[in-house]
Amino acid sequence: MAIKFSVSDLPTSTFTCGPSQGHPVIRQTPLYKTQFERSHRAKDVSSDGLYKQATDGLRKLFDLPADYTVIFFMGGATPALDAVAWSLTKDSISGLSFGAFSKLWCKKIVNCLEDNVKKDFKETAEGEFFPKEKPDFKASLVVLTPNETSTGVQIPNEYLEDAWAQKDPDTLIAWDCTSCAGGRDLPKNKFDVMVFSMQKCFGVGGGSSVIILSPKAVSRIEEAKKYRRIPYSLDLTYAVEKAQQKVQTVNTPSTTNIWMFNEAVKWMNENGGLKAMDALCRKHADYLLKWAAQTDWLKPLISNEVNRSYTTFTLEVTDPKIDAAEISKALKNTGLANLQDGIKKYSAVKQNSLRIACFPFVDVNGVEQYEKLTRAVDAIVKDLRSQEAK
């Protein structure tokens, strides 16, 4: 018999890692107010309105140099990463592969480039979560994923700073920040390219992404055309022109997503900026860490704190009699929409584990939502153990 919960005892937040929990303002605003019926070419929407506000807000949040270009790109992070690889790689590309999303670069995206492009991606050895070998920091494009969404591993700030210090004058450093943009205080402007989808820390619906380019990266776009013919939708030339000249996109974007993104960025800036969002994510993760330490069946999947992400947090179930999937199933059986996806491991992760989002908007007030979640999980585990004992 399934365990029964009082709705008042359960959290109202979703703890999935994307699309993730939206800010209360986003969740309470009627759809018609998000400007989705307006033309994305209208000045009061683009250059003089919503898109300009969102761009300026992001510049403030990340403290971007004035000459960096901010692009709202069509689709999630994957097409944006495709565009970066095709438009910014010359004759070599390198990086790290230590999870499903960083592996996307080296196994799927980069392999579509010409055979004569030198590809150097360092992978994790069996039983490891982070590569011991460093990639070629002197390649024409170096791709790094500061936070892995699948495993809950992070690249330390010192590593990112070291990559920036070692690069050649002709090297571009690209960060895939999908799992941490807006929730982690990264080394300031130690990148030429930043890519992220809006659906994680910013709590926006899926299907929209951001590409940030340094002037050096912008100049690379024309240079890369000497190496290959770039498909129209992946050619960043037009995206840069529209962003710089009119604060517009090449094709029709989801204005609703940009509206949600703008609201999220405004709240972040008004409530302490990036450092405060970093502290809030850490607070969420620290609570989960302390909770795990009080149990006899959980531990952090990533034992090395330096490489442990605090935006997507993964806990390993150490009791072989407890199946993490059963915990997720029990949460789903509550019937609450926010718990329908449960908390569960990523499909590519072998370990019996639970992956929990620690993004800012999961609980803007602290850890109350996490307290309700962990009490529910404790009750589920107690019930599972009692069933096992029968």
# chains A, B, ... in the order shown; residues from 1 in each chain; ligands from 1

call {"tool": "select_by_dssp", "arguments": {"residues": "stretch 114-225 of chain A", "states": "alpha helix (DSSP H)", "output": "PyMOL selection string"}}
result
chain A and resi 157-166+215-224

call {"tool": "closest_atom_pairs", "arguments": {"of": "stretch 127-187 of chain A", "to": "stretch 251-270 of chain A", "cutoff": "12 Å", "atoms": "only C-alpha atoms", "output": "CSV"}}
result
residue,atom,partner,partner_atom,distance
A:Ala181,CA,A:Val265,CA,11.0
A:Gly182,CA,A:Met268,CA,8.1
A:Gly183,CA,A:Met268,CA,9.6

call {"tool": "write_last_selection", "arguments": {"atoms": "N, CA and C atoms", "output": "CSV table (one decimal), in the first residue's frame"}}
result
chain,number,residue,atom,x,y,z
A,181,ALA,N,24.8,29.0,-14.8
A,181,ALA,CA,24.6,30.4,-15.1
A,181,ALA,C,23.4,31.0,-14.2
A,182,GLY,N,23.8,32.0,-13.4
A,182,GLY,CA,22.8,32.6,-12.6
A,182,GLY,C,22.8,32.0,-11.2
A,183,GLY,N,23.6,31.0,-10.9
A,183,GLY,CA,23.6,30.4,-9.6
A,183,GLY,C,25.0,30.2,-9.1

call {"tool": "atom_distance", "arguments": {"atom1": "atom CA of A:Asp91", "atom2": "atom CA of A:Lys118"}}
result
6.2 Å

call {"tool": "residues_around", "arguments": {"residues": "stretch 189-192 of chain A", "least_positions_apart": "4", "cutoff": "6 Å", "atoms": "only C-alpha atoms", "output": "list in words"}}
result
Leu172, Ile173, Ala174, Leu213, Ser214 and Ala217 of chain A

call {"tool": "write_last_selection", "arguments": {"atoms": "N, CA and C atoms", "output": "PDB file, in the first residue's frame"}}
result
ATOM      1  N   LEU A 172      40.242  30.592 -28.166  1.00  0.00           N
ATOM      2  CA  LEU A 172      38.991  31.039 -27.557  1.00  0.00           C
ATOM      3  C   LEU A 172      38.597  30.051 -26.461  1.00  0.00           C
ATOM      4  N   ILE A 173      38.256  30.566 -25.288  1.00  0.00           N
ATOM      5  CA  ILE A 173      37.762  29.727 -24.195  1.00  0.00           C
ATOM      6  C   ILE A 173      36.237  29.819 -24.163  1.00  0.00           C
ATOM      7  N   ALA A 174      35.576  28.657 -24.297  1.00  0.00           N
ATOM      8  CA  ALA A 174      34.109  28.612 -24.292  1.00  0.00           C
ATOM      9  C   ALA A 174      33.610  27.857 -23.062  1.00  0.00           C
ATOM     10  N   LEU A 213      29.414  36.564 -26.406  1.00  0.00           N
ATOM     11  CA  LEU A 213      30.653  36.522 -27.179  1.00  0.00           C
ATOM     12  C   LEU A 213      31.536  37.733 -26.884  1.00  0.00           C
ATOM     13  N   SER A 214      32.833  37.477 -26.720  1.00  0.00           N
ATOM     14  CA  SER A 214      33.809  38.561 -26.610  1.00  0.00           C
ATOM     15  C   SER A 214      34.076  39.125 -28.006  1.00  0.00           C
ATOM     16  N   ALA A 217      35.865  36.643 -30.046  1.00  0.00           N
ATOM     17  CA  ALA A 217      35.015  35.580 -30.568  1.00  0.00           C
ATOM     18  C   ALA A 217      34.220  36.062 -31.770  1.00  0.00           C
TER      19      ALA A 217
END

call {"tool": "closest_residue", "arguments": {"among": "A:Gln166, A:Tyr370, A:Ala330, A:Met198", "to": "A:His284", "atoms": "only C-alpha atoms"}}
result
A:Tyr370

call {"tool": "residues_around", "arguments": {"residues": "A:Ile212", "least_positions_apart": "3", "cutoff": "10 Å", "atoms": "only C-alpha atoms", "output": "list in words"}}
result
Arg59, Leu64, Tyr68, Thr69, Val70, Ile71, Phe72, Ala174, Trp175, Phe191, Asp192, Val193, Met194, Val195, Phe196, Ala217, Val218 and Val240 of chain A

call {"tool": "closest_atom_pairs", "arguments": {"of": "stretch 212-319 of chain A", "to": "stretch 357-360 of chain A", "cutoff": "7 Å", "atoms": "only C-alpha atoms", "output": "CSV"}}
result
residue,atom,partner,partner_atom,distance
A:Met277,CA,A:Pro360,CA,6.0
A:Leu280,CA,A:Pro360,CA,5.9
A:Cys281,CA,A:Cys358,CA,5.3
A:His284,CA,A:Cys358,CA,5.5
A:Ala285,CA,A:Cys358,CA,6.0
A:Tyr310,CA,A:Cys358,CA,6.6
A:Thr311,CA,A:Cys358,CA,4.8
A:Thr312,CA,A:Ala357,CA,4.7
A:Phe313,CA,A:Ala357,CA,6.2

call {"tool": "residues_around", "arguments": {"residues": "A:Ser208", "least_positions_apart": "5", "cutoff": "6 Å", "atoms": "only C-alpha atoms", "output": "ChimeraX atom specification"}}
result
/A:74-76,197

call {"tool": "closest_residue", "arguments": {"among": "A:Pro135, A:Gly366, A:Pro300, A:Pro30", "to": "A:Ala279", "atoms": "only C-alpha atoms"}}
result
A:Gly366

call {"tool": "closest_residue", "arguments": {"among": "A:Arg385, A:Asn333, A:Glu316, A:Ser353", "to": "A:Lys4", "atoms": "only C-alpha atoms"}}
result
A:Asn333

call {"tool": "atom_distance", "arguments": {"atom1": "atom CA of A:Asp168", "atom2": "atom CA of A:Lys138"}}
result
5.0 Å

call {"tool": "closest_residue", "arguments": {"among": "A:Arg27, A:Gly57, A:Leu50, A:Thr12", "to": "A:Glu371", "atoms": "only C-alpha atoms"}}
result
A:Thr12
